[in-house]
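Student: The following file, input-v7.cif, comprises mmCIF, C-alpha atoms and all ligand atoms:
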data_start
#
loop_
_atom_site.group_PDB
_atom_site.id
_atom_site.type_symbol
_atom_site.label_atom_id
_atom_site.label_comp_id
_atom_site.auth_asym_id
_atom_site.auth_seq_id
_atom_site.Cartn_x
_atom_site.Cartn_y
_atom_site.Cartn_z
ATOM 1 C CA MET A 24 -114.011 -144.937 -80.968
ATOM 2 C CA VAL A 25 -112.544 -148.427 -80.579
ATOM 3 C CA ASP A 26 -113.965 -151.934 -80.349
ATOM 4 C CA MET A 27 -111.020 -153.445 -78.533
ATOM 5 C CA VAL A 28 -107.578 -152.839 -77.080
ATOM 6 C CA ILE A 29 -104.322 -154.530 -78.064
ATOM 7 C CA GLU A 30 -101.843 -154.096 -75.228
ATOM 8 C CA LEU A 31 -98.172 -154.721 -75.950
ATOM 9 C CA LEU A 32 -95.918 -155.857 -73.112
ATOM 10 C CA ASP A 33 -92.186 -156.347 -73.457
ATOM 11 C CA ALA A 34 -91.525 -160.083 -73.075
ATOM 12 C CA ARG A 35 -88.319 -159.218 -71.205
ATOM 13 C CA ALA A 36 -90.341 -157.552 -68.433
ATOM 14 C CA PRO A 37 -94.020 -158.435 -68.865
ATOM 15 C CA ILE A 38 -95.041 -157.301 -65.394
ATOM 16 C CA SER A 39 -92.972 -154.134 -65.159
ATOM 17 C CA SER A 40 -94.060 -152.970 -68.615
ATOM 18 C CA ARG A 41 -97.777 -153.099 -67.729
ATOM 19 C CA ASN A 42 -99.217 -149.657 -67.235
ATOM 20 C CA PRO A 43 -100.901 -149.925 -63.824
ATOM 21 C CA SER A 44 -103.849 -147.761 -64.903
ATOM 22 C CA PHE A 45 -104.769 -149.747 -68.035
ATOM 23 C CA ALA A 46 -106.729 -152.485 -66.248
ATOM 24 C CA GLU A 47 -109.170 -149.927 -64.878
ATOM 25 C CA LEU A 48 -109.119 -147.702 -67.958
ATOM 26 C CA PHE A 49 -109.936 -150.484 -70.424
ATOM 27 C CA LYS A 50 -112.043 -152.707 -68.210
ATOM 28 C CA ASN A 51 -115.042 -152.498 -70.520
ATOM 29 C CA LYS A 52 -113.179 -153.368 -73.716
ATOM 30 C CA PRO A 53 -112.195 -156.809 -74.977
ATOM 31 C CA SER A 54 -108.460 -156.953 -74.817
ATOM 32 C CA LEU A 55 -105.633 -158.847 -76.398
ATOM 33 C CA THR A 56 -102.180 -158.882 -74.839
ATOM 34 C CA LEU A 57 -99.116 -159.352 -77.030
ATOM 35 C CA LEU A 58 -95.748 -160.185 -75.510
ATOM 36 C CA THR A 59 -93.311 -158.528 -77.923
ATOM 37 C CA LYS A 60 -89.610 -159.039 -78.652
ATOM 38 C CA CYS A 61 -89.834 -162.688 -77.620
ATOM 39 C CA SER A 62 -86.665 -163.555 -79.535
ATOM 40 C CA LEU A 63 -84.749 -161.459 -76.982
ATOM 41 C CA ALA A 64 -86.442 -162.962 -73.920
ATOM 42 C CA ASP A 65 -85.845 -166.068 -71.855
ATOM 43 C CA ARG A 66 -88.161 -168.610 -73.516
ATOM 44 C CA ARG A 67 -88.982 -170.465 -70.285
ATOM 45 C CA ALA A 68 -90.093 -167.194 -68.745
ATOM 46 C CA VAL A 69 -92.189 -166.372 -71.838
ATOM 47 C CA SER A 70 -94.277 -169.533 -71.507
ATOM 48 C CA ARG A 71 -94.618 -168.978 -67.782
ATOM 49 C CA TYR A 72 -95.901 -165.431 -68.299
ATOM 50 C CA VAL A 73 -98.276 -166.411 -71.116
ATOM 51 C CA ASN A 74 -99.951 -168.818 -68.683
ATOM 52 C CA GLN A 75 -99.868 -166.422 -65.779
ATOM 53 C CA LEU A 76 -101.344 -163.458 -67.668
ATOM 54 C CA LYS A 77 -104.058 -165.154 -69.699
ATOM 55 C CA GLY A 78 -107.507 -165.176 -68.210
ATOM 56 C CA LYS A 79 -111.191 -165.488 -68.942
ATOM 57 C CA ASP A 80 -111.345 -162.146 -70.710
ATOM 58 C CA ARG A 81 -107.759 -161.879 -71.717
ATOM 59 C CA MET A 82 -105.918 -163.607 -74.541
ATOM 60 C CA VAL A 83 -102.126 -163.537 -74.516
ATOM 61 C CA ILE A 84 -99.965 -164.178 -77.591
ATOM 62 C CA PRO A 85 -96.155 -164.230 -77.692
ATOM 63 C CA ILE A 86 -94.782 -162.562 -80.833
ATOM 64 C CA ASP A 87 -91.599 -161.248 -82.373
ATOM 65 C CA CYS A 88 -91.735 -158.795 -85.240
ATOM 66 C CA LYS A 89 -88.087 -159.259 -86.232
ATOM 67 C CA THR A 90 -88.489 -163.018 -86.779
ATOM 68 C CA GLY A 91 -92.229 -162.879 -87.509
ATOM 69 C CA MET A 92 -92.950 -165.409 -84.774
ATOM 70 C CA GLY A 93 -96.576 -165.521 -83.629
ATOM 71 C CA VAL A 94 -97.807 -162.573 -85.705
ATOM 72 C CA LYS A 95 -100.086 -164.815 -87.787
ATOM 73 C CA ASN A 96 -101.953 -165.776 -84.599
ATOM 74 C CA VAL A 97 -103.098 -162.217 -83.976
ATOM 75 C CA ALA A 98 -105.832 -161.870 -86.643
ATOM 76 C CA PRO A 99 -107.631 -165.099 -85.590
ATOM 77 C CA ALA A 100 -107.476 -163.933 -81.968
ATOM 78 C CA ILE A 101 -109.035 -160.588 -82.904
ATOM 79 C CA ARG A 102 -111.842 -162.400 -84.743
ATOM 80 C CA GLU A 103 -112.401 -164.712 -81.780
ATOM 81 C CA LEU A 104 -112.544 -161.839 -79.297
ATOM 82 C CA MET A 105 -114.913 -159.875 -81.550
ATOM 83 C CA ALA A 106 -116.983 -162.870 -82.718
ATOM 84 C CA GLU A 107 -120.320 -161.545 -81.414
ATOM 85 C CA LYS A 108 -119.901 -158.147 -83.022
ATOM 86 C CA LEU A 109 -118.781 -159.709 -86.320
ATOM 87 C CA GLU A 110 -121.856 -161.945 -86.303
ATOM 88 C CA ARG A 111 -124.091 -158.920 -85.751
ATOM 89 C CA TYR A 112 -122.432 -157.096 -88.642
ATOM 90 C CA ALA A 113 -122.825 -160.175 -90.860
ATOM 91 C CA ALA A 114 -126.507 -160.582 -89.935
ATOM 92 C CA LYS A 115 -127.115 -156.996 -91.083
ATOM 93 C CA GLY A 116 -125.038 -157.504 -94.198
ATOM 94 C CA MET A 117 -122.548 -154.881 -92.974
ATOM 95 C CA LYS A 118 -118.845 -154.985 -93.741
ATOM 96 C CA LYS A 119 -117.360 -152.841 -91.014
ATOM 97 C CA PRO A 120 -113.764 -153.193 -89.898
ATOM 98 C CA ILE A 121 -112.910 -154.017 -86.294
ATOM 99 C CA ARG A 122 -111.237 -150.992 -84.750
ATOM 100 C CA ALA A 123 -108.429 -151.800 -82.349
ATOM 101 C CA MET A 124 -106.257 -149.443 -80.347
ATOM 102 C CA VAL A 125 -102.609 -150.465 -79.899
ATOM 103 C CA VAL A 126 -101.190 -149.344 -76.555
ATOM 104 C CA GLY A 127 -98.062 -149.844 -74.475
ATOM 105 C CA ILE A 128 -94.952 -148.212 -73.088
ATOM 106 C CA THR A 129 -92.528 -146.264 -75.248
ATOM 107 C CA ASN A 130 -90.334 -148.358 -77.556
ATOM 108 C CA VAL A 131 -92.214 -151.610 -76.843
ATOM 109 C CA GLY A 132 -92.786 -152.108 -80.574
ATOM 110 C CA LYS A 133 -96.312 -150.800 -81.275
ATOM 111 C CA SER A 134 -95.544 -149.207 -84.624
ATOM 112 C CA THR A 135 -93.366 -152.128 -85.683
ATOM 113 C CA PHE A 136 -96.147 -154.566 -84.815
ATOM 114 C CA ILE A 137 -98.653 -152.555 -86.858
ATOM 115 C CA ASN A 138 -96.295 -152.528 -89.852
ATOM 116 C CA THR A 139 -95.669 -156.267 -89.565
ATOM 117 C CA PHE A 140 -99.374 -157.025 -89.172
ATOM 118 C CA ALA A 141 -100.309 -154.772 -92.083
ATOM 119 C CA GLY A 142 -97.440 -156.046 -94.233
ATOM 120 C CA SER A 143 -96.376 -152.499 -95.061
ATOM 121 C CA ARG A 144 -94.422 -149.702 -93.458
ATOM 122 C CA ARG A 145 -97.036 -147.141 -92.710
ATOM 123 C CA ALA A 146 -96.222 -146.312 -89.109
ATOM 124 C CA LYS A 147 -92.910 -144.679 -88.244
ATOM 125 C CA ALA A 148 -90.774 -146.961 -86.061
ATOM 126 C CA GLU A 149 -87.277 -146.357 -84.704
ATOM 127 C CA ASP A 150 -85.023 -147.667 -81.989
ATOM 128 C CA ARG A 151 -85.608 -144.909 -79.454
ATOM 129 C CA PRO A 152 -88.521 -144.086 -77.163
ATOM 130 C CA GLY A 153 -91.011 -141.395 -78.130
ATOM 131 C CA VAL A 154 -91.040 -141.853 -81.915
ATOM 132 C CA THR A 155 -94.811 -141.897 -82.417
ATOM 133 C CA ARG A 156 -96.170 -138.490 -81.454
ATOM 134 C CA HIS A 157 -99.820 -138.628 -82.499
ATOM 135 C CA ASN A 158 -102.610 -141.138 -82.852
ATOM 136 C CA GLN A 159 -102.754 -142.558 -86.371
ATOM 137 C CA TRP A 160 -105.308 -144.938 -87.869
ATOM 138 C CA ILE A 161 -103.834 -147.633 -90.105
ATOM 139 C CA PRO A 162 -106.431 -149.540 -92.140
ATOM 140 C CA VAL A 163 -105.623 -153.187 -92.834
ATOM 141 C CA PRO A 164 -108.477 -154.136 -95.195
ATOM 142 C CA SER A 165 -107.116 -157.614 -95.906
ATOM 143 C CA MET A 166 -107.699 -158.487 -92.230
ATOM 144 C CA GLY A 167 -110.928 -156.511 -91.796
ATOM 145 C CA VAL A 168 -109.186 -154.458 -89.113
ATOM 146 C CA GLU A 169 -108.196 -150.851 -88.462
ATOM 147 C CA LEU A 170 -105.375 -150.309 -85.995
ATOM 148 C CA LEU A 171 -104.805 -147.127 -84.028
ATOM 149 C CA ASP A 172 -101.113 -146.444 -83.452
ATOM 150 C CA THR A 173 -100.634 -144.411 -80.281
ATOM 151 C CA PRO A 174 -97.663 -142.669 -78.650
ATOM 152 C CA GLY A 175 -96.075 -144.806 -75.948
ATOM 153 C CA VAL A 176 -96.820 -143.744 -72.410
ATOM 154 C CA LEU A 177 -95.051 -144.220 -69.118
ATOM 155 C CA TRP A 178 -96.581 -143.362 -65.782
ATOM 156 C CA HIS A 179 -95.530 -140.450 -63.634
ATOM 157 C CA LYS A 180 -94.397 -142.089 -60.479
ATOM 158 C CA PHE A 181 -92.698 -145.444 -60.194
ATOM 159 C CA GLU A 182 -93.628 -146.861 -56.827
ATOM 160 C CA ASP A 183 -90.969 -149.494 -57.234
ATOM 161 C CA GLN A 184 -87.587 -148.199 -58.390
ATOM 162 C CA THR A 185 -86.618 -151.618 -59.766
ATOM 163 C CA VAL A 186 -89.464 -151.224 -62.275
ATOM 164 C CA ALA A 187 -87.956 -147.929 -63.427
ATOM 165 C CA LYS A 188 -84.522 -149.530 -63.732
ATOM 166 C CA LYS A 189 -85.838 -152.450 -65.767
ATOM 167 C CA LEU A 190 -87.767 -150.198 -68.157
ATOM 168 C CA ALA A 191 -84.709 -147.998 -68.577
ATOM 169 C CA ALA A 192 -82.532 -151.043 -69.293
ATOM 170 C CA LEU A 193 -85.013 -152.138 -71.985
ATOM 171 C CA GLY A 194 -84.720 -148.724 -73.625
ATOM 172 C CA ALA A 195 -88.147 -147.348 -72.728
ATOM 173 C CA ILE A 196 -86.769 -144.212 -71.082
ATOM 174 C CA ARG A 197 -84.668 -141.686 -72.977
ATOM 175 C CA ASP A 198 -80.989 -142.408 -72.342
ATOM 176 C CA GLU A 199 -80.155 -138.693 -72.211
ATOM 177 C CA ILE A 200 -82.042 -138.187 -68.968
ATOM 178 C CA LEU A 201 -80.449 -141.050 -67.044
ATOM 179 C CA ASP A 202 -76.978 -141.750 -65.737
ATOM 180 C CA GLN A 203 -75.830 -144.518 -68.079
ATOM 181 C CA ILE A 204 -73.100 -145.770 -65.760
ATOM 182 C CA GLU A 205 -75.511 -146.160 -62.866
ATOM 183 C CA LEU A 206 -78.031 -147.807 -65.186
ATOM 184 C CA SER A 207 -75.583 -150.372 -66.553
ATOM 185 C CA CYS A 208 -74.372 -151.164 -63.023
ATOM 186 C CA SER A 209 -77.938 -151.824 -61.933
ATOM 187 C CA LEU A 210 -78.430 -154.024 -65.010
ATOM 188 C CA LEU A 211 -75.287 -155.964 -64.060
ATOM 189 C CA GLY A 212 -76.701 -156.231 -60.533
ATOM 190 C CA MET A 213 -79.742 -158.043 -61.955
ATOM 191 C CA LEU A 214 -77.817 -160.195 -64.423
ATOM 192 C CA ARG A 215 -75.185 -161.418 -61.945
ATOM 193 C CA VAL A 216 -77.974 -162.888 -59.822
ATOM 194 C CA ASN A 217 -80.265 -164.302 -62.513
ATOM 195 C CA TYR A 218 -78.002 -165.016 -65.487
ATOM 196 C CA PRO A 219 -74.429 -165.350 -64.144
ATOM 197 C CA GLU A 220 -73.541 -167.990 -66.740
ATOM 198 C CA LEU A 221 -74.408 -165.611 -69.608
ATOM 199 C CA LEU A 222 -72.209 -162.855 -68.172
ATOM 200 C CA ILE A 223 -69.330 -165.287 -67.741
ATOM 201 C CA ALA A 224 -69.723 -166.629 -71.268
ATOM 202 C CA ARG A 225 -69.876 -163.215 -72.925
ATOM 203 C CA TYR A 226 -67.358 -161.205 -70.895
ATOM 204 C CA LYS A 227 -65.069 -163.950 -69.513
ATOM 205 C CA VAL A 228 -65.223 -162.397 -66.054
ATOM 206 C CA GLU A 229 -65.271 -163.795 -62.572
ATOM 207 C CA TRP A 230 -66.473 -162.060 -59.464
ATOM 208 C CA THR A 231 -67.064 -162.718 -55.790
ATOM 209 C CA GLU A 232 -69.824 -161.803 -53.358
ATOM 210 C CA GLU A 233 -67.642 -158.960 -52.091
ATOM 211 C CA ASP A 234 -67.429 -157.317 -55.512
ATOM 212 C CA SER A 235 -69.857 -154.440 -55.965
ATOM 213 C CA ASP A 236 -71.755 -154.033 -59.223
ATOM 214 C CA TYR A 237 -69.297 -151.306 -60.150
ATOM 215 C CA ASP A 238 -66.362 -153.669 -59.446
ATOM 216 C CA LEU A 239 -67.891 -156.110 -61.918
ATOM 217 C CA PHE A 240 -68.456 -153.257 -64.393
ATOM 218 C CA GLN A 241 -64.759 -152.378 -64.149
ATOM 219 C CA LYS A 242 -63.682 -155.985 -64.619
ATOM 220 C CA ILE A 243 -65.707 -156.156 -67.822
ATOM 221 C CA ALA A 244 -64.202 -152.865 -69.004
ATOM 222 C CA ARG A 245 -60.656 -154.182 -68.457
ATOM 223 C CA LYS A 246 -61.403 -157.464 -70.234
ATOM 224 C CA ARG A 247 -62.700 -155.481 -73.193
ATOM 225 C CA GLY A 248 -59.786 -153.068 -73.107
ATOM 226 C CA PHE A 249 -61.963 -150.002 -72.517
ATOM 227 C CA ILE A 250 -59.132 -148.118 -70.867
ATOM 228 C CA ARG A 251 -58.147 -144.489 -71.106
ATOM 229 C CA SER A 252 -54.607 -143.189 -70.822
ATOM 230 C CA GLY A 253 -53.402 -143.691 -67.264
ATOM 231 C CA ALA A 254 -54.964 -147.172 -67.046
ATOM 232 C CA GLU A 255 -58.288 -145.702 -65.998
ATOM 233 C CA VAL A 256 -61.487 -147.421 -67.070
ATOM 234 C CA ASP A 257 -63.529 -145.641 -69.754
ATOM 235 C CA ASP A 258 -66.825 -145.696 -67.852
ATOM 236 C CA ASP A 259 -68.928 -144.005 -70.523
ATOM 237 C CA ARG A 260 -67.861 -146.352 -73.282
ATOM 238 C CA THR A 261 -68.303 -149.415 -71.078
ATOM 239 C CA ALA A 262 -71.809 -148.346 -70.067
ATOM 240 C CA ALA A 263 -72.821 -147.659 -73.665
ATOM 241 C CA VAL A 264 -71.512 -151.020 -74.869
ATOM 242 C CA LEU A 265 -73.124 -152.985 -72.033
ATOM 243 C CA LEU A 266 -76.538 -151.414 -72.617
ATOM 244 C CA ASP A 267 -76.275 -151.832 -76.386
ATOM 245 C CA GLU A 268 -75.278 -155.459 -76.133
ATOM 246 C CA PHE A 269 -78.040 -156.229 -73.662
ATOM 247 C CA ARG A 270 -80.696 -154.534 -75.809
ATOM 248 C CA ALA A 271 -79.492 -156.273 -78.956
ATOM 249 C CA GLY A 272 -79.726 -159.667 -77.241
ATOM 250 C CA LYS A 273 -75.981 -160.262 -77.492
ATOM 251 C CA ILE A 274 -75.643 -161.255 -73.834
ATOM 252 C CA GLY A 275 -78.351 -163.846 -74.382
ATOM 253 C CA GLU A 276 -82.082 -164.422 -74.052
ATOM 254 C CA ILE A 277 -82.940 -162.606 -70.847
ATOM 255 C CA THR A 278 -86.071 -161.747 -68.880
ATOM 256 C CA LEU A 279 -85.683 -159.165 -66.139
ATOM 257 C CA ASP A 280 -89.009 -159.794 -64.338
HETATM 258 N N1 LIG A 301 -85.985 -157.846 -81.707
HETATM 259 C C1 LIG A 301 -87.149 -157.201 -81.834
HETATM 260 N N2 LIG A 301 -87.145 -155.849 -81.958
HETATM 261 C C2 LIG A 301 -88.324 -155.230 -82.088
HETATM 262 C C3 LIG A 301 -89.556 -155.933 -82.091
HETATM 263 N N3 LIG A 301 -90.562 -155.037 -82.212
HETATM 264 C C4 LIG A 301 -89.983 -153.829 -82.279
HETATM 265 N N4 LIG A 301 -88.640 -153.926 -82.218
HETATM 266 C C5 LIG A 301 -87.679 -152.801 -82.251
HETATM 267 O O1 LIG A 301 -87.984 -151.939 -81.166
HETATM 268 C C6 LIG A 301 -87.749 -150.569 -81.538
HETATM 269 C C7 LIG A 301 -88.951 -149.722 -81.221
HETATM 270 O O2 LIG A 301 -90.013 -150.059 -82.084
HETATM 271 P P1 LIG A 301 -91.257 -149.087 -82.353
HETATM 272 O O3 LIG A 301 -92.215 -149.881 -83.160
HETATM 273 O O4 LIG A 301 -90.819 -147.766 -82.869
HETATM 274 O O5 LIG A 301 -91.811 -148.905 -80.865
HETATM 275 P P2 LIG A 301 -93.105 -148.060 -80.404
HETATM 276 O O6 LIG A 301 -93.772 -148.855 -79.330
HETATM 277 O O7 LIG A 301 -93.931 -147.682 -81.564
HETATM 278 O O8 LIG A 301 -92.400 -146.795 -79.738
HETATM 279 P P3 LIG A 301 -92.999 -145.283 -79.504
HETATM 280 O O9 LIG A 301 -93.650 -144.843 -80.761
HETATM 281 O O10 LIG A 301 -91.783 -144.511 -79.163
HETATM 282 O O11 LIG A 301 -93.926 -145.389 -78.339
HETATM 283 C C8 LIG A 301 -87.372 -150.606 -83.017
HETATM 284 O O12 LIG A 301 -85.973 -150.551 -83.124
HETATM 285 C C9 LIG A 301 -87.880 -151.958 -83.490
HETATM 286 O O13 LIG A 301 -87.126 -152.472 -84.565
HETATM 287 C C10 LIG A 301 -89.511 -157.356 -81.957
HETATM 288 O O14 LIG A 301 -90.538 -158.051 -81.929
HETATM 289 N N5 LIG A 301 -88.281 -157.921 -81.832
HETATM 290 MG MG MG A 302 -94.490 -145.896 -82.292
#
Do you think you could lay out the structure here as structure tokens?
Tutor:
Amino acid sequence: MVDMVIELLDARAPISSRNPSFAELFKNKPSLTLLTKCSLADRRAVSRYVNQLKGKDRMVIPIDCKTGMGVKNVAPAIRELMAEKLERYAAKGMKKPIRAMVVGITNVGKSTFINTFAGSRRAKAEDRPGVTRHNQWIPVPSMGVELLDTPGVLWHKFEDQTVAKKLAALGAIRDEILDQIELSCSLLGMLRVNYPELLIARYKVEWTEEDSDYDLFQKIARKRGFIRSGAEVDDDRTAAVLLDEFRAGKIGEITLD
């Protein structure tokens, strides 16, 4: 049913957010890769991954649908990828739209991208995973394209648990089914190694090698005054705030892969 595939990867984890079965599944379709949410990602890492992922049969475009960055490069890329087919249509005097399927993990921004590309809000988009439930065709006549919005999919078994932790930190896995305190500690475990200066700047904390991730979590809670009666740290509130601030980009521009 489709001429090509548009695969969305989260720019904050472009390797971990690749569905391992897509390469095989879509090997016979021209494909365009979009790195989404670039305004939240480490810009040096974005350019590195654009170069690393692009190939002979694969175009990669960094975009951000909140700022609009890069979205105007998508239509020309679609036309370039589908040039032969478009020429055949033109030779026959046909005006058929290019049909493209938009795929990617839950909450990566598929519906938002479609709305931004189409310049109208036709696909339902919200800040939680699992919003789109059914396939939906969205015609964009001005671009000569029809986009298929699809429900986000994750795979059943994560061979590498760090992949699962990164996707959960990005908000691709429903928060209700995960221990938020454990998740924010594992996020801190990644940030203290790769972005210590951002943690220090935001939370005014210091830590040593001996401190566990949970020790650091508690230090942040005390700095923020997230304390219950009895001077005990309010773990739930601290976890919720840490995850929210990370996802909103308040800690800084961060790439987890
Ligand atoms: N900062 C930023 N936020 C984005 C971007 N694209 C999407 N979002 C946000 O990410 C959240 C999820 O967007 P959706 O478009 O619903 O994601 P989806 O891939 O369709 O998700 P499912 O339908 O659940 O699979 C929303 O809160 C969007 O506002 C982007 O480029 N930048
Ligand atoms: Mg959606």
Student: Please report the interatomic distance between atom CA of A:Leu222 and atom CA of A:Asp183 in Å with one decimal.
Tutor: 25.5 Å
Student: Using all atoms listed in the file, what are the residues with an atom within 10 Å of ligand MG 302 (chain A), set out as a PyMOL selection string?
Tutor: chain A and resi 125-137+146-159+172-175
Student: Name the residues that the PyMOL selection byres (((chain A and resi 195-204) around 7) and not hetatm) pulls out of this structure, and write them as a tab-separated table (two decimals) with C-alpha atoms, in the coordinates of the input.
Tutor:
chain	number	residue	atom	x	y	z
A	128	ILE	CA	-94.95	-148.21	-73.09
A	129	THR	CA	-92.53	-146.26	-75.25
A	130	ASN	CA	-90.33	-148.36	-77.56
A	152	PRO	CA	-88.52	-144.09	-77.16
A	190	LEU	CA	-87.77	-150.20	-68.16
A	191	ALA	CA	-84.71	-148.00	-68.58
A	193	LEU	CA	-85.01	-152.14	-71.98
A	194	GLY	CA	-84.72	-148.72	-73.62
A	205	GLU	CA	-75.51	-146.16	-62.87
A	206	LEU	CA	-78.03	-147.81	-65.19
A	207	SER	CA	-75.58	-150.37	-66.55
A	208	CYS	CA	-74.37	-151.16	-63.02
A	258	ASP	CA	-66.82	-145.70	-67.85
A	259	ASP	CA	-68.93	-144.00	-70.52
A	262	ALA	CA	-71.81	-148.35	-70.07
Student: Could you tell me how far atom CA of A:Leu55 sits from atom CA of A:Lys119, in Å to one decimal place?
Tutor: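 These two atoms are separated by 19.7 Å.
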Student: Return the single residue from A:Phe181, A:Phe45, A:Phe140, A:Tyr237 that is closest to ligand LIG 301 (chain A), with distances computed using only C-alpha atoms and all ligand atoms.
Tutor: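 The shortest atom-to-atom distance to ligand LIG 301 (chain A) comes from A:Phe140.
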Student: Need the shell around A:Leu211: protein/DNA/RNA residues with any atom at most 12 Å away, counting all atoms listed in the file. Skip same-chain ones fewer than 5 positions apart. Format as a ChimeraX atom specification?
Tutor: /A:188-189,192,204-206,216-219,221-223,226,230,234-243,261-262,265-266,269,274,279
Student: Please, what distance in Å, to one decimal, runs between atom CA of A:Glu233 and atom CA of A:Lys273?
Tutor: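 Interatomic distance, atom CA of A:Glu233 to atom CA of A:Lys273: 26.8 Å.
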Student: Which residue gives the smallest distance to ligand LIG 301 (chain A) among A:Thr231, A:Ser143, A:Thr56, A:Thr90, with all atoms listed in the file counted?
Tutor: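 Selected residue with least distance to ligand LIG 301 (chain A): A:Thr90.
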Student: Could you check the closest approach to A:Gly93 for each of A:Thr139, A:Gly116, A:Val163, A:Lys79 and tell me which residue wins, using only C-alpha atoms?
Tutor: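 Smallest separation from A:Gly93 among the options: A:Thr139.
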Student: Of the residues A:Ala187, A:Leu57, A:Ile121, A:Arg81, which is the one nearest to A:Asn96, using only C-alpha atoms?
Tutor: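 Looking at the shortest contact to A:Asn96, the residue is A:Leu57.
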Student: Report as a short mmCIF file (atom, residue, chain, number, x, y, z; two decimals) with C-alpha atoms, in the frame of the given file the full result of the PyMOL selection byres (((chain A and resi 64-78) around 7) and not hetatm) when it is applied to this structure.
Tutor:
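Output below, filename result.cif:
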data_model
loop_
_atom_site.label_atom_id
_atom_site.label_comp_id
_atom_site.auth_asym_id
_atom_site.auth_seq_id
_atom_site.Cartn_x
_atom_site.Cartn_y
_atom_site.Cartn_z
CA ALA A 34 -91.52 -160.08 -73.08
CA ARG A 35 -88.32 -159.22 -71.20
CA LYS A 60 -89.61 -159.04 -78.65
CA CYS A 61 -89.83 -162.69 -77.62
CA SER A 62 -86.66 -163.56 -79.54
CA LEU A 63 -84.75 -161.46 -76.98
CA LYS A 79 -111.19 -165.49 -68.94
CA ASP A 80 -111.34 -162.15 -70.71
CA ARG A 81 -107.76 -161.88 -71.72
CA MET A 82 -105.92 -163.61 -74.54
CA VAL A 83 -102.13 -163.54 -74.52
CA GLU A 276 -82.08 -164.42 -74.05
CA ILE A 277 -82.94 -162.61 -70.85
CA THR A 278 -86.07 -161.75 -68.88
#
Student: So, with all atoms listed in the file as the atoms that count, which of A:Arg145, A:Lys108, A:Arg102, A:Arg245 lies closest to ligand LIG 301 (chain A)?
Tutor: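 Result for the nearest residue to ligand LIG 301 (chain A): A:Arg145.
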Student: Restricting the calculation to all atoms listed in the file: of A:Lys52, A:Arg247, A:Arg270, A:Lys227, which residue gets closest to ligand LIG 301 (chain A)?
Tutor: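 Counting all atoms listed in the file, the residue closest to ligand LIG 301 (chain A) is A:Arg270.
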Student: Around all the atoms of ligand LIG 301 (chain A) listed in the file, with 8 Å of room on each side, what axis-aligned box do you get, giving centre and edge lengths in Å to one decimal, as lines of an AutoDock Vina configuration file?
Tutor:
center_x = -90.0
center_y = -151.3
center_z = -81.5
size_x = 24.0
size_y = 29.5
size_z = 22.2
